[in-house]
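To start, the structure under review is shown below, and the notes come after it.
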Amino acid sequence: MTIKLSTSAINCQLKSLNFISLKAKDAVCDYFMDNYQIRPNVNKQNPDIRILNFLNQHEYSIYIDTSGDTLFKRGYRKDKLEAPLKENLASALVFLSNWQREETLFDPMCGSGTIVIEALMKALNIAPGLFRRFAFEKFTNFYQRDFDQLKHQAKLDIDKSFKPLIYANDIDIRAIKQAKLNLSYMKLGEYIKFNNNDFLKIKAPDVSGVIISNLPYGVRLDDLTKLEKFYPQLAQHLKNNYANWRCYFLSGDLRMPKLMRLKPSKKIPIFNGSIECRLFEFIMVSGSNR
């Protein structure tokens, strides 16, 4: 099989970590040559086995990665859109909103659909790793039969009889197509209702419910100017059409509530990668601006 070796260190006196990786790689290859007369190849992009070296001031540890691809990847997402929300972060937003599966859920700016798909997985009790592969499946001491039994039980635990009211919208038709593609990989395409429109032009899909959405942050200066105009429009739209809704918006633009002239009932600090954000909660009450 193919391998990849990488090295990290804290308070280590050695100057070249690349040299450590090279020596460890040579040692692995020499072992295979001595015992099996065949040498494993190196694959830096998608190796079968990842070997991780860690050094501190006095110790040297070697780890074999059992996960393979990073664990936030559930295996259903095939999107190529810019800055997609990581699956574990989307799942956290659903959890922090305290959304219950009997409530209507709406993501008005859904992108590739990660938030609504994670909510659907919660509603139907779908195990988060069910659609992905793990590095341990390539180990020589891996018991395929036992793992198949675990996956079979996880599939039996899915509650496909429940039909949650989950809606998703995006102004970009490419995003909607990508979200549907991601959902079709799970064979659950009929469970989420998609719409392609400007959020400011559509009414609420139900008399009450929960909005969870990842808003644009405005990294560039011209984007910040556009957001200054967008936030008041968003606030007015929510007041006019979303009374009795709980609204949760993730944003890295901390000016958002002030520009919306709405007071959030919660401000939860969250990091989206390196970007410090807040999950703002707005409780929309009929006849009130706040």
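Chains: A, B, ... in order of the structure tokens. Residues: from 1 per chain. Ligands: from 1, in order shown.
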Show which residues sit within 8 Å of Cys247 (chain A), as a PyMOL selection string. Count only C-alpha atoms, and ignore same-chain residues fewer than 6 positions away. chain A and resi 210-212+280-284
Using backbone DSSP assignments, extract all helix (DSSP H, G or I) residues from region 13-95 of chain A; output them as a VMD selection string. chain A and resid 17 to 36 87 to 95
So that I have them on file, write out the residues from the current selection with C-alpha atoms, as a PDB file, in the first residue's frame.
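File written: result39.pdb
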```
ATOM      1  CA  LEU A  17      11.688  17.992  10.651  1.00  0.00           C
ATOM      2  CA  ASN A  18      11.730  17.056   6.967  1.00  0.00           C
ATOM      3  CA  PHE A  19      14.901  15.070   7.612  1.00  0.00           C
ATOM      4  CA  ILE A  20      13.114  13.189  10.426  1.00  0.00           C
ATOM      5  CA  SER A  21      10.267  12.330   8.039  1.00  0.00           C
ATOM      6  CA  LEU A  22      12.761  11.150   5.433  1.00  0.00           C
ATOM      7  CA  LYS A  23      14.616   8.891   7.887  1.00  0.00           C
ATOM      8  CA  ALA A  24      11.344   7.429   9.231  1.00  0.00           C
ATOM      9  CA  LYS A  25      10.118   6.775   5.680  1.00  0.00           C
ATOM     10  CA  ASP A  26      13.409   5.023   4.843  1.00  0.00           C
ATOM     11  CA  ALA A  27      13.074   2.885   7.976  1.00  0.00           C
ATOM     12  CA  VAL A  28       9.575   1.758   7.031  1.00  0.00           C
ATOM     13  CA  CYS A  29      10.650   0.965   3.479  1.00  0.00           C
ATOM     14  CA  ASP A  30      13.764  -0.913   4.699  1.00  0.00           C
ATOM     15  CA  TYR A  31      11.605  -3.013   7.015  1.00  0.00           C
ATOM     16  CA  PHE A  32       9.358  -4.072   4.159  1.00  0.00           C
ATOM     17  CA  MET A  33      12.296  -4.793   1.892  1.00  0.00           C
ATOM     18  CA  ASP A  34      13.991  -6.927   4.567  1.00  0.00           C
ATOM     19  CA  ASN A  35      10.872  -8.916   5.414  1.00  0.00           C
ATOM     20  CA  TYR A  36       8.772  -8.959   2.221  1.00  0.00           C
ATOM     21  CA  GLU A  87     -19.978  19.427   8.557  1.00  0.00           C
ATOM     22  CA  ASN A  88     -19.143  19.328  12.271  1.00  0.00           C
ATOM     23  CA  LEU A  89     -19.627  23.096  12.565  1.00  0.00           C
ATOM     24  CA  ALA A  90     -22.986  22.890  10.774  1.00  0.00           C
ATOM     25  CA  SER A  91     -24.010  20.112  13.164  1.00  0.00           C
ATOM     26  CA  ALA A  92     -22.949  22.297  16.110  1.00  0.00           C
ATOM     27  CA  LEU A  93     -25.144  25.172  14.860  1.00  0.00           C
ATOM     28  CA  VAL A  94     -28.154  22.837  14.740  1.00  0.00           C
ATOM     29  CA  PHE A  95     -27.359  21.638  18.274  1.00  0.00           C
TER      30      PHE A  95
END
```
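All residues of protein, DNA or RNA that reach within 12 Å of Thr2 (chain A), judged by only C-alpha atoms and not counting those fewer than 2 positions away in the chain, are Lys4, Leu5, Lys25, Val28, Cys29, Ile38, Arg39, Pro40, Asn41, Val42, Asn43, Lys44, Gln45, Asn46, Pro47, Asp48, Ile49, Arg50, Ile51, Ala135 and Lys138 of chain A.
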Distance query Ser213 (chain A) at most 12 Å, only C-alpha atoms, self and fewer than 3 positions along chain excluded, as a PyMOL selection string: chain A and resi 85+89-91+93-94+97+105-116+119+167-170+199+210+216-217+246-251+278-281
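Coordinates place CA of Ala243 (chain A) at a distance of 7.2 Å from CA of Ser208 (chain A).
Each of A:Asn98, A:Ser274, A:Ser61, A:Asn196 was checked against Ser6 (chain A) using only C-alpha atoms; the smallest atom-to-atom distance is that of A:Ser61.
Distances from A:Ile268, A:Gln13, A:Pro257, A:Gly68 to Asn56 (chain A) were compared using only C-alpha atoms, and the smallest one belongs to A:Gln13.
Close contacts of region 125-132 of chain A, defined as residues with an atom at most 8 Å away when counting only C-alpha atoms, with chain neighbours fewer than 2 positions off set aside, comprise Lys73, Arg74, Gly75, Tyr76, Met121, Lys122, Ala123, Phe134, Lys151, Ala154, Lys155, Asp157, Ile158, Asp159 and Met186 of chain A.
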